[in-house]
>>> print(open('coords22.txt').read())   # compact mmCIF, C-alpha atoms
# COMPACT_ATOMS: atom_id res chain seq x y z
CA MET A 1 81.84 -45.06 -310.87
CA HIS A 2 80.91 -41.46 -310.38
CA SER A 3 83.78 -39.64 -308.71
CA ASP A 4 81.49 -36.86 -307.60
CA LYS A 5 79.26 -38.32 -304.88
CA ILE A 6 76.55 -35.67 -305.06
CA PHE A 7 73.98 -37.66 -303.04
CA GLU A 8 76.00 -37.18 -299.84
CA ASN A 9 75.03 -33.51 -299.64
CA THR A 10 72.40 -33.40 -296.90
CA GLU A 11 72.18 -29.62 -296.81
CA ILE A 12 70.69 -29.62 -300.32
CA ALA A 13 68.71 -32.81 -299.67
CA PHE A 14 66.81 -31.44 -296.67
CA ALA A 15 66.81 -27.71 -297.40
CA LEU A 16 63.01 -27.64 -297.36
CA LYS A 17 62.70 -29.33 -293.97
CA ASN A 18 62.79 -27.23 -290.82
CA ASP A 19 64.22 -28.75 -287.65
CA SER A 20 60.94 -30.19 -286.42
CA GLN A 21 60.17 -31.76 -289.82
CA LEU A 22 63.64 -33.26 -289.80
CA GLU A 23 62.97 -34.74 -286.36
CA ARG A 24 59.62 -36.13 -287.48
CA ALA A 25 61.20 -37.78 -290.53
CA TYR A 26 63.88 -39.30 -288.33
CA PHE A 27 61.28 -40.59 -285.88
CA LEU A 28 59.20 -42.04 -288.72
CA PHE A 29 62.01 -43.95 -290.42
CA LYS A 30 63.20 -45.14 -287.03
CA MET A 31 59.73 -46.56 -286.48
CA ILE A 32 59.56 -48.14 -289.92
CA SER A 33 62.98 -49.73 -289.44
CA ASN A 34 61.52 -51.75 -286.56
CA GLU A 35 59.78 -54.36 -288.64
CA PRO A 36 57.56 -55.93 -285.96
CA LEU A 37 56.44 -52.41 -285.11
CA VAL A 38 55.30 -51.88 -288.69
CA ARG A 39 53.20 -55.02 -288.48
CA ILE A 40 51.62 -54.05 -285.16
CA GLY A 41 51.06 -50.50 -286.40
CA THR A 42 49.51 -51.75 -289.60
CA ALA A 43 47.09 -54.04 -287.79
CA ALA A 44 46.16 -51.34 -285.26
CA THR A 45 45.67 -48.74 -287.97
CA ASN A 46 43.48 -51.00 -290.09
CA PHE A 47 41.37 -51.84 -287.08
CA ALA A 48 41.02 -48.22 -285.99
CA LEU A 49 40.04 -47.06 -289.49
CA LYS A 50 37.48 -49.83 -289.93
CA ALA A 51 36.04 -49.13 -286.49
CA ASN A 52 35.98 -45.40 -287.31
CA LEU A 53 38.11 -44.56 -284.27
CA PRO A 54 39.45 -40.99 -284.22
CA ILE A 55 42.86 -41.95 -285.56
CA GLU A 56 42.93 -39.79 -288.69
CA GLY A 57 44.51 -36.82 -286.92
CA LEU A 58 47.34 -38.96 -285.66
CA ILE A 59 47.91 -40.57 -289.05
CA ARG A 60 47.82 -37.19 -290.76
CA SER A 61 50.40 -35.65 -288.49
CA THR A 62 52.83 -38.55 -288.91
CA VAL A 63 52.88 -41.01 -291.80
CA PHE A 64 50.37 -39.25 -294.02
CA ASP A 65 51.98 -35.82 -294.05
CA HIS A 66 55.40 -37.31 -294.61
CA PHE A 67 54.47 -39.52 -297.59
CA CYS A 68 51.42 -37.68 -298.99
CA GLY A 69 50.73 -34.24 -300.36
CA GLY A 70 47.25 -33.90 -298.89
CA VAL A 71 43.69 -35.13 -299.06
CA SER A 72 42.83 -33.32 -302.30
CA GLU A 73 44.73 -31.82 -305.23
CA ASP A 74 44.21 -28.29 -303.86
CA ASP A 75 45.55 -29.48 -300.54
CA CYS A 76 48.81 -30.44 -302.34
CA LEU A 77 49.43 -26.99 -303.78
CA TYR A 78 51.72 -25.80 -301.02
CA VAL A 79 53.90 -28.92 -301.32
CA ILE A 80 54.01 -28.63 -305.12
CA GLU A 81 55.04 -24.98 -305.15
CA ASN A 82 57.47 -25.43 -302.28
CA MET A 83 59.33 -28.28 -304.00
CA TYR A 84 59.43 -26.35 -307.25
CA THR A 85 61.42 -23.58 -305.56
CA LYS A 86 64.22 -26.16 -305.56
CA GLY A 87 63.57 -27.28 -309.13
CA VAL A 88 61.72 -30.48 -308.26
CA SER A 89 58.52 -31.04 -310.27
CA SER A 90 55.45 -32.94 -309.07
CA VAL A 91 53.40 -35.86 -310.35
CA LEU A 92 50.11 -35.95 -308.48
CA ASP A 93 49.22 -39.55 -307.81
CA TYR A 94 45.61 -40.20 -306.82
CA SER A 95 46.34 -43.19 -304.59
CA VAL A 96 42.91 -44.65 -304.01
CA GLU A 97 43.21 -48.37 -304.71
CA GLY A 98 41.14 -51.44 -305.30
CA LYS A 99 37.85 -49.94 -306.49
CA GLU A 100 35.78 -52.26 -308.60
CA ASP A 101 32.73 -50.58 -310.10
CA GLU A 102 31.94 -48.38 -313.07
CA GLU A 103 31.11 -45.30 -311.01
CA GLU A 104 34.48 -45.48 -309.28
CA PHE A 105 36.27 -45.93 -312.61
CA ASP A 106 34.51 -42.91 -314.09
CA ALA A 107 35.30 -40.92 -310.96
CA ALA A 108 38.97 -41.87 -311.28
CA MET A 109 39.00 -40.76 -314.92
CA HIS A 110 37.40 -37.41 -314.04
CA LYS A 111 39.94 -37.00 -311.25
CA ILE A 112 42.81 -37.50 -313.71
CA LEU A 113 41.21 -35.10 -316.21
CA LYS A 114 40.93 -32.56 -313.40
CA ILE A 115 44.60 -33.05 -312.52
CA LEU A 116 45.43 -32.60 -316.21
CA ASN A 117 43.71 -29.20 -316.19
CA PHE A 118 45.61 -28.41 -313.04
CA ALA A 119 48.89 -29.47 -314.65
CA ASP A 120 48.13 -27.45 -317.76
CA GLU A 121 48.26 -24.24 -315.72
CA LYS A 122 51.37 -25.14 -313.71
CA GLU A 123 54.94 -25.39 -314.88
CA SER A 124 55.63 -27.38 -311.72
CA MET A 125 53.41 -30.26 -312.90
CA PRO A 126 54.55 -31.50 -316.32
CA ILE A 127 53.33 -35.07 -315.81
CA VAL A 128 50.20 -36.95 -314.70
CA VAL A 129 49.82 -40.61 -313.84
CA PHE A 130 47.17 -43.33 -313.50
CA LYS A 131 46.94 -47.07 -312.94
CA PRO A 132 45.23 -49.32 -315.51
CA THR A 133 43.11 -50.91 -312.77
CA GLY A 134 41.99 -47.42 -311.74
CA PHE A 135 40.06 -47.35 -315.04
CA GLY A 136 38.76 -50.91 -315.26
CA ARG A 137 38.42 -54.25 -313.52
CA PHE A 138 41.53 -56.36 -312.99
CA TYR A 139 39.55 -59.40 -314.11
CA LEU A 140 38.95 -57.94 -317.58
CA TYR A 141 42.64 -57.25 -318.20
CA GLN A 142 43.47 -60.73 -317.01
CA LYS A 143 40.85 -62.44 -319.17
CA LEU A 144 41.94 -60.53 -322.27
CA GLY A 145 45.61 -61.18 -321.52
CA GLU A 146 44.91 -64.90 -321.33
CA GLY A 147 43.41 -64.71 -324.80
CA LYS A 148 39.90 -65.59 -323.67
CA THR A 149 36.84 -64.18 -325.39
CA LEU A 150 34.87 -61.62 -323.45
CA THR A 151 31.10 -61.98 -323.14
CA ALA A 152 29.05 -59.30 -324.91
CA GLU A 153 28.55 -57.56 -321.61
CA GLU A 154 32.23 -57.70 -320.75
CA GLN A 155 33.12 -56.40 -324.20
CA GLU A 156 30.92 -53.36 -323.57
CA GLU A 157 32.62 -52.89 -320.22
CA TRP A 158 36.05 -53.15 -321.88
CA ASN A 159 35.04 -50.58 -324.50
CA ARG A 160 34.38 -48.17 -321.64
CA VAL A 161 37.87 -48.89 -320.24
CA VAL A 162 39.37 -48.08 -323.64
CA ALA A 163 37.27 -44.91 -323.82
CA ARG A 164 38.60 -43.77 -320.42
CA PHE A 165 42.20 -44.33 -321.50
CA ASP A 166 41.48 -42.49 -324.72
CA ALA A 167 39.84 -39.50 -323.03
CA VAL A 168 42.84 -39.00 -320.75
CA CYS A 169 45.53 -39.55 -323.41
CA LYS A 170 43.75 -37.28 -325.85
CA ALA A 171 43.45 -34.50 -323.26
CA ALA A 172 47.13 -34.99 -322.35
CA LYS A 173 48.14 -34.49 -325.96
CA GLU A 174 45.97 -31.38 -326.32
CA LYS A 175 47.51 -29.87 -323.18
CA ASP A 176 51.02 -31.13 -323.91
CA VAL A 177 51.27 -32.90 -320.55
CA VAL A 178 53.00 -36.28 -320.29
CA VAL A 179 50.82 -39.13 -319.00
CA LEU A 180 52.53 -42.06 -317.26
CA ILE A 181 50.58 -45.29 -317.07
CA ASP A 182 51.72 -47.46 -314.18
CA GLY A 183 52.67 -51.12 -314.37
CA GLU A 184 50.86 -53.75 -312.33
CA GLU A 185 50.84 -57.54 -311.91
CA SER A 186 52.20 -59.55 -314.84
CA TRP A 187 49.02 -61.60 -315.33
CA MET A 188 47.00 -58.50 -316.19
CA GLN A 189 49.84 -56.55 -317.84
CA ASP A 190 49.57 -57.97 -321.38
CA ALA A 191 46.15 -56.42 -321.99
CA ALA A 192 47.28 -53.14 -320.41
CA ASP A 193 50.43 -53.12 -322.58
CA ASP A 194 48.40 -53.65 -325.76
CA LEU A 195 46.08 -50.82 -324.82
CA VAL A 196 48.91 -48.42 -323.99
CA THR A 197 50.66 -49.27 -327.26
CA GLN A 198 47.43 -48.42 -329.04
CA MET A 199 47.39 -45.03 -327.23
CA MET A 200 51.02 -44.39 -328.20
CA GLN A 201 50.19 -45.03 -331.85
CA LEU A 202 47.37 -42.51 -331.61
CA TYR A 203 48.97 -39.77 -329.54
CA ASN A 204 52.77 -40.07 -329.74
CA THR A 205 52.87 -38.94 -333.35
CA GLU A 206 54.97 -35.81 -332.78
CA LYS A 207 56.72 -36.75 -329.55
CA PRO A 208 56.18 -39.03 -326.55
CA ILE A 209 53.08 -38.00 -324.57
CA VAL A 210 51.87 -41.43 -323.44
CA TYR A 211 54.38 -43.47 -321.41
CA ASN A 212 54.03 -47.10 -320.41
CA THR A 213 55.89 -48.61 -317.43
CA LEU A 214 58.49 -51.35 -317.72
CA GLN A 215 59.10 -53.31 -314.54
CA MET A 216 62.64 -54.50 -315.02
CA TYR A 217 62.49 -57.21 -312.37
CA ARG A 218 60.69 -59.11 -315.14
CA HIS A 219 63.23 -60.96 -317.27
CA ASP A 220 61.13 -60.56 -320.44
CA ARG A 221 61.01 -56.75 -320.51
CA MET A 222 64.16 -56.10 -322.57
CA GLU A 223 62.76 -58.29 -325.32
CA PHE A 224 59.44 -56.43 -325.03
CA LEU A 225 61.21 -53.08 -325.30
CA LYS A 226 63.05 -54.14 -328.45
CA LYS A 227 59.85 -55.45 -330.01
CA GLU A 228 58.03 -52.20 -329.24
CA THR A 229 60.95 -50.19 -330.65
CA ALA A 230 60.65 -52.02 -333.97
CA LEU A 231 56.86 -51.55 -333.99
CA ALA A 232 57.13 -47.82 -333.30
CA LYS A 233 59.74 -47.41 -336.01
CA ALA A 234 57.61 -49.27 -338.55
CA ASN A 235 54.53 -47.20 -337.68
CA ASN A 236 56.15 -43.83 -337.20
CA TYR A 237 55.38 -42.93 -333.60
CA PHE A 238 57.46 -42.23 -330.50
CA LEU A 239 57.89 -44.33 -327.38
CA GLY A 240 57.81 -43.19 -323.78
CA TYR A 241 58.69 -45.51 -320.91
CA LYS A 242 58.99 -45.23 -317.20
CA LEU A 243 61.62 -47.69 -316.03
CA VAL A 244 61.23 -49.15 -312.55
CA ARG A 245 62.46 -52.28 -310.86
CA GLY A 246 58.98 -53.37 -309.77
CA ALA A 247 56.77 -53.64 -306.72
CA TYR A 248 54.97 -56.98 -306.74
CA MET A 249 57.81 -59.44 -306.37
CA GLU A 250 56.51 -61.65 -303.56
CA LYS A 251 53.05 -61.75 -305.12
CA GLU A 252 54.51 -62.70 -308.54
CA ASN A 253 56.69 -65.50 -307.18
CA GLU A 254 53.91 -66.90 -304.99
CA ARG A 255 51.45 -67.03 -307.86
CA ALA A 256 53.96 -68.65 -310.21
CA GLU A 257 54.61 -71.35 -307.64
CA LYS A 258 50.94 -71.87 -306.93
CA TYR A 259 50.02 -72.36 -310.60
CA GLY A 260 53.26 -74.07 -311.61
CA TYR A 261 54.61 -71.69 -314.23
CA THR A 262 58.05 -70.07 -314.46
CA SER A 263 58.11 -66.85 -312.47
CA PRO A 264 58.43 -63.74 -314.64
CA ILE A 265 60.83 -62.31 -312.03
CA CYS A 266 64.60 -62.26 -312.55
CA VAL A 267 66.49 -64.95 -310.65
CA SER A 268 68.39 -62.49 -308.46
CA LYS A 269 68.63 -58.90 -307.36
CA GLN A 270 71.80 -58.63 -309.45
CA ALA A 271 70.00 -59.89 -312.56
CA THR A 272 67.29 -57.28 -311.98
CA ASP A 273 69.88 -54.53 -311.61
CA GLU A 274 71.62 -55.60 -314.81
CA ASN A 275 68.32 -55.73 -316.64
CA PHE A 276 67.40 -52.25 -315.39
CA ASN A 277 70.77 -50.82 -316.38
CA GLU A 278 70.60 -52.42 -319.82
CA ALA A 279 67.20 -50.83 -320.45
CA VAL A 280 68.47 -47.41 -319.35
CA ALA A 281 71.47 -47.63 -321.71
CA TYR A 282 69.30 -48.92 -324.55
CA MET A 283 66.88 -46.01 -324.23
CA LEU A 284 69.54 -43.34 -323.81
CA ASP A 285 71.05 -44.57 -327.11
CA ARG A 286 67.74 -43.97 -328.88
CA LEU A 287 66.48 -40.63 -327.61
CA ASP A 288 65.62 -39.57 -331.13
CA ALA A 289 62.85 -42.19 -331.02
CA MET A 290 61.91 -42.38 -327.34
CA SER A 291 61.93 -40.68 -323.96
CA VAL A 292 62.68 -42.20 -320.61
CA PHE A 293 61.49 -41.57 -317.05
CA VAL A 294 63.86 -43.36 -314.68
CA GLY A 295 61.89 -44.20 -311.55
CA THR A 296 64.46 -45.26 -309.01
CA HIS A 297 65.54 -44.92 -305.39
CA ASN A 298 68.79 -46.67 -306.21
CA GLU A 299 71.84 -44.43 -305.99
CA ASP A 300 74.01 -46.58 -308.25
CA SER A 301 71.37 -46.55 -310.99
CA SER A 302 71.05 -42.79 -310.68
CA TYR A 303 74.83 -42.32 -310.92
CA LEU A 304 74.85 -44.67 -313.91
CA VAL A 305 72.27 -42.56 -315.77
CA MET A 306 74.32 -39.43 -315.00
CA ASP A 307 77.50 -41.10 -316.27
CA LEU A 308 75.83 -42.36 -319.44
CA MET A 309 74.33 -38.94 -320.14
CA LYS A 310 77.75 -37.35 -319.81
CA GLU A 311 79.33 -40.03 -322.01
CA LYS A 312 76.69 -39.57 -324.71
CA ASN A 313 76.74 -35.76 -324.52
CA ILE A 314 73.15 -35.56 -323.34
CA ALA A 315 72.49 -32.28 -321.52
CA ASN A 316 71.47 -32.61 -317.86
CA ASP A 317 68.17 -30.89 -318.60
CA ASP A 318 67.38 -32.75 -321.84
CA SER A 319 63.58 -32.94 -321.84
CA ARG A 320 63.64 -36.57 -322.97
CA VAL A 321 65.26 -37.79 -319.73
CA TRP A 322 63.55 -37.59 -316.35
CA PHE A 323 64.32 -38.97 -312.91
CA GLY A 324 61.55 -39.81 -310.46
CA GLN A 325 61.27 -40.67 -306.77
CA LEU A 326 58.43 -40.92 -304.30
CA TYR A 327 57.52 -38.02 -302.07
CA GLY A 328 58.93 -38.50 -298.57
CA MET A 329 61.72 -40.79 -299.75
CA SER A 330 65.21 -40.40 -301.23
CA ASP A 331 65.30 -36.61 -300.97
CA HIS A 332 69.08 -36.87 -301.18
CA ILE A 333 68.66 -38.17 -304.73
CA SER A 334 65.84 -35.89 -305.88
CA TYR A 335 67.08 -32.55 -304.58
CA ASN A 336 70.73 -33.07 -305.45
CA LEU A 337 69.82 -34.10 -309.00
CA ALA A 338 67.61 -31.01 -309.32
CA HIS A 339 70.43 -28.87 -307.93
CA TYR A 340 72.60 -30.00 -310.86
CA GLY A 341 69.90 -29.19 -313.38
CA TYR A 342 68.51 -32.65 -314.11
CA ASN A 343 64.77 -33.10 -314.69
CA VAL A 344 63.34 -34.54 -311.49
CA ALA A 345 59.77 -35.26 -310.45
CA LYS A 346 58.41 -36.54 -307.17
CA TYR A 347 55.34 -38.77 -307.15
CA ILE A 348 52.96 -37.14 -304.69
CA PRO A 349 50.24 -39.49 -303.45
CA PHE A 350 47.05 -37.83 -302.30
CA GLY A 351 43.46 -38.72 -301.40
CA PRO A 352 41.25 -39.18 -298.35
CA VAL A 353 43.28 -40.56 -295.43
CA LYS A 354 41.14 -43.68 -295.19
CA ASP A 355 41.47 -44.48 -298.90
CA VAL A 356 45.20 -43.82 -299.08
CA MET A 357 46.07 -45.98 -296.08
CA PRO A 358 46.53 -49.25 -298.05
CA TYR A 359 49.03 -47.40 -300.24
CA LEU A 360 50.90 -46.03 -297.21
CA ILE A 361 51.01 -49.40 -295.51
CA ARG A 362 52.48 -50.94 -298.66
CA ARG A 363 55.14 -48.21 -298.72
CA ALA A 364 56.08 -48.82 -295.10
CA GLU A 365 56.34 -52.55 -295.75
CA GLU A 366 58.34 -51.99 -298.93
CA ASN A 367 60.70 -49.75 -297.01
CA THR A 368 61.41 -52.44 -294.48
CA SER A 369 61.89 -55.08 -297.17
CA VAL A 370 64.12 -53.00 -299.46
CA ALA A 371 67.43 -53.78 -297.81
CA GLY A 372 69.13 -50.68 -296.55
CA GLN A 373 66.56 -48.15 -297.75
CA THR A 374 65.39 -47.14 -294.29
CA GLY A 375 68.89 -47.33 -292.86
CA ARG A 376 70.15 -45.01 -295.56
CA GLU A 377 67.40 -42.46 -294.87
CA LEU A 378 68.23 -42.57 -291.15
CA THR A 379 71.95 -42.11 -291.72
CA LEU A 380 71.38 -39.06 -293.91
CA LEU A 381 68.81 -37.49 -291.55
CA LYS A 382 71.20 -38.00 -288.66
CA LYS A 383 74.04 -36.46 -290.65
CA GLU A 384 71.92 -33.38 -291.40
CA LYS A 385 70.83 -33.06 -287.77
CA GLN A 386 74.49 -33.05 -286.74
CA ARG A 387 75.44 -30.58 -289.45
CA ARG A 388 72.77 -28.12 -288.27
CA LYS A 389 73.76 -28.55 -284.65
CA ALA A 390 77.39 -27.80 -285.46
CA GLN A 391 76.33 -24.60 -287.24
CA LYS A 392 74.35 -23.21 -284.34
>>> encode(input="coords22.txt", output="structure tokens")
Amino acid sequence: MHSDKIFENTEIAFALKNDSQLERAYFLFKMISNEPLVRIGTAATNFALKANLPIEGLIRSTVFDHFCGGVSEDDCLYVIENMYTKGVSSVLDYSVEGKEDEEEFDAAMHKILKILNFADEKESMPIVVFKPTGFGRFYLYQKLGEGKTLTAEEQEEWNRVVARFDAVCKAAKEKDVVVLIDGEESWMQDAADDLVTQMMQLYNTEKPIVYNTLQMYRHDRMEFLKKETALAKANNYFLGYKLVRGAYMEKENERAEKYGYTSPICVSKQATDENFNEAVAYMLDRLDAMSVFVGTHNEDSSYLVMDLMKEKNIANDDSRVWFGQLYGMSDHISYNLAHYGYNVAKYIPFGPVKDVMPYLIRRAEENTSVAGQTGRELTLLKKEKQRRKAQK
């Protein structure tokens, strides 16, 4: 294990937070750590937003401002530039979820194209991201993935989905900005994977521009990665992957049970960790053919990547290796990695408060369910509060 425990340094981790921001973060994680409170808060918030009660100001000054960059991309500028003073890059994540019609899909595409233009002008934004279901209906991906034939009308609709993907990936290549395409539920992922592979073949001809996401809590992803590696080699293009553990575990297991198929999820947390680590090692061994974005809030995984890079003589700032965390979480990982010259990007969710709330609620729930995540944040915030007090 890494002898040098760099993530313990809270001075570097929270350098950008003033005392009152530190207090707010502490208060917030304290609240989130009270699980029943999260549930009550969630219900109250949903009700207030639906009833158009004047709750936005309260949400903005607490949860929203801690986990989000702002309501629009311009609104995020201060956060982006501020983080970049410490060497942490930004991935603007338009977190409006669950839209289902063509106008919304086109709007999402135009939003991403706008962010691409934004990124093109800023060194602090080397990467953009979108979700497959932001560009097309979940149902279509699912139907295609199940090998069913689309109706003529659906086929036309699917062609528009492909065109949206293509417009964004093409623009990304022209502007030399990496585009990460997020992973979603397994029963729609096959069609999304095929489409992203198609985009890689088109646009990763010189280097990886288009990245797919591998959710390593799925036990079939190593096999998928090896298959894609062979395909890329045979067809002369590069691979880009964001590695994550995955975010839909309960949903995946419930559906598998309901329909009586074997769950795609690894049997245990340990199996997931091993799978994740295997993928990291596999990709770091093949950087001549692929690039990796390690999306993790796990300290052991982060130390492992650092150790492997050292072992394989990969420079800390090698452009083919990136680390990523979410804004408002795991600052001790992000800022300490950046301090040592690694490539680090924070996902910065943004969008109208009302539209981003489902995303925020999911985050709060995830935080309570990821054992120890909230506790760890609290411990570090407390440590920093004490350190500052001792200095005064």
>>> residues_around(input="coords22.txt", residues="Val38 in chain A", least_positions_apart="5", cutoff="10 Å", atoms="all atoms listed in the file", output="JSON, numbers by chain")
{"A": [31, 32, 33, 43, 44, 361, 364, 365, 368]}
>>> closest_residue(input="coords22.txt", among="A:Asn298, A:Ser186, A:Ser61, A:Asn343", to="Pro126 in chain A", atoms="all atoms listed in the file")
A:Asn343
>>> residues_around(input="coords22.txt", residues="Val96 in chain A", least_positions_apart="2", cutoff="12 Å", atoms="all atoms listed in the file", output="list of chain:residue names")
A:Val71, A:Ser72, A:Asp93, A:Tyr94, A:Gly98, A:Lys99, A:Glu100, A:Glu104, A:Phe105, A:Ala107, A:Ala108, A:Lys111, A:Phe130, A:Lys131, A:Thr133, A:Gly134, A:Phe135, A:Pro349, A:Phe350, A:Gly351, A:Pro352, A:Val353, A:Lys354, A:Asp355, A:Val356, A:Met357, A:Pro358, A:Tyr359, A:Leu360
>>> residues_around(input="coords22.txt", residues="Phe29 in chain A", least_positions_apart="6", cutoff="8 Å", atoms="only C-alpha atoms", output="tab-separated table (two decimals) with C-alpha atoms, keeping the file's coordinate frame")
chain	number	residue	atom	x	y	z
A	374	THR	CA	65.39	-47.14	-294.29
A	377	GLU	CA	67.40	-42.46	-294.87
A	378	LEU	CA	68.23	-42.57	-291.15
>>> residues_around(input="coords22.txt", residues="Lys383 in chain A", least_positions_apart="3", cutoff="10 Å", atoms="only C-alpha atoms", output="list in words")
Glu8, Asn9, Thr10, Glu11, Glu377, Leu378, Thr379, Leu380, Gln386, Arg387, Arg388 and Lys389 of chain A
>>> residues_around(input="coords22.txt", residues="Asn159 in chain A", least_positions_apart="3", cutoff="12 Å", atoms="only C-alpha atoms", output="ChimeraX atom specification")
/A:135-136,140-141,150,152-156,162-166,195
>>> axis_aligned_box(input="coords22.txt", around="range 91-100 of chain A", padding_each_side="6 Å", output="lines of an AutoDock Vina configuration file")
center_x = 44.6
center_y = -44.1
center_z = -307.2
size_x = 29.6
size_y = 28.4
size_z = 18.3
>>> closest_residue(input="coords22.txt", among="A:Phe64, A:Tyr340, A:Tyr347, A:Tyr241", to="Val91 in chain A", atoms="only C-alpha atoms")
A:Tyr347
>>> closest_residue(input="coords22.txt", among="A:Gly295, A:Ser369, A:Val344, A:Arg362", to="Thr42 in chain A", atoms="all atoms listed in the file")
A:Arg362
>>> atom_distance(input="coords22.txt", atom1="CA of Tyr26 in chain A", atom2="CA of Arg363 in chain A")
16.2 Å
>>> atom_distance(input="coords22.txt", atom1="CA of Val321 in chain A", atom2="CA of Ala281 in chain A")
11.8 Å
>>> atom_distance(input="coords22.txt", atom1="CA of Ala48 in chain A", atom2="CA of Ser95 in chain A")
20.0 Å
>>> closest_residue(input="coords22.txt", among="A:Thr85, A:Ser301, A:Thr197, A:Thr45", to="Thr272 in chain A", atoms="only C-alpha atoms")
A:Ser301
>>> closest_residue(input="coords22.txt", among="A:Lys227, A:Lys382, A:Lys50, A:Arg218", to="Tyr248 in chain A", atoms="only C-alpha atoms")
A:Arg218
>>> residues_near_point(input="coords22.txt", point="(68.5, -52.3, -321.5)", cutoff="10 Å", atoms="all atoms listed in the file", output="ChimeraX atom specification")
/A:216,221-223,225-226,243,274-285
>>> closest_residue(input="coords22.txt", among="A:Glu123, A:Asp220, A:Glu146, A:Glu73", to="Val177 in chain A", atoms="only C-alpha atoms")
A:Glu123
>>> build_atoms(input="coords22.txt", residues="range 378-390 of chain A", atoms="N, CA and C atoms", output="tab-separated table (two decimals), in the coordinates of the input")
chain	number	residue	atom	x	y	z
A	378	LEU	N	67.87	-42.92	-292.53
A	378	LEU	CA	68.23	-42.57	-291.15
A	378	LEU	C	69.63	-41.97	-291.05
A	379	THR	N	70.57	-42.60	-291.73
A	379	THR	CA	71.95	-42.11	-291.72
A	379	THR	C	72.03	-40.67	-292.21
A	380	LEU	N	71.34	-40.40	-293.31
A	380	LEU	CA	71.38	-39.06	-293.91
A	380	LEU	C	70.68	-38.02	-293.02
A	381	LEU	N	69.54	-38.41	-292.44
A	381	LEU	CA	68.81	-37.49	-291.55
A	381	LEU	C	69.66	-37.16	-290.33
A	382	LYS	N	70.34	-38.18	-289.82
A	382	LYS	CA	71.20	-38.00	-288.66
A	382	LYS	C	72.36	-37.05	-289.00
A	383	LYS	N	72.92	-37.28	-290.18
A	383	LYS	CA	74.04	-36.46	-290.65
A	383	LYS	C	73.62	-34.99	-290.74
A	384	GLU	N	72.42	-34.76	-291.26
A	384	GLU	CA	71.92	-33.38	-291.40
A	384	GLU	C	71.63	-32.76	-290.04
A	385	LYS	N	71.09	-33.57	-289.13
A	385	LYS	CA	70.83	-33.06	-287.77
A	385	LYS	C	72.15	-32.60	-287.14
A	386	GLN	N	73.18	-33.40	-287.30
A	386	GLN	CA	74.49	-33.05	-286.74
A	386	GLN	C	75.08	-31.81	-287.41
A	387	ARG	N	74.90	-31.73	-288.71
A	387	ARG	CA	75.44	-30.58	-289.45
A	387	ARG	C	74.81	-29.28	-288.95
A	388	ARG	N	73.47	-29.33	-288.75
A	388	ARG	CA	72.77	-28.12	-288.27
A	388	ARG	C	73.20	-27.74	-286.85
A	389	LYS	N	73.37	-28.77	-286.03
A	389	LYS	CA	73.76	-28.55	-284.65
A	389	LYS	C	75.14	-27.86	-284.59
A	390	ALA	N	76.04	-28.34	-285.43
A	390	ALA	CA	77.39	-27.80	-285.46
A	390	ALA	C	77.42	-26.34	-285.91
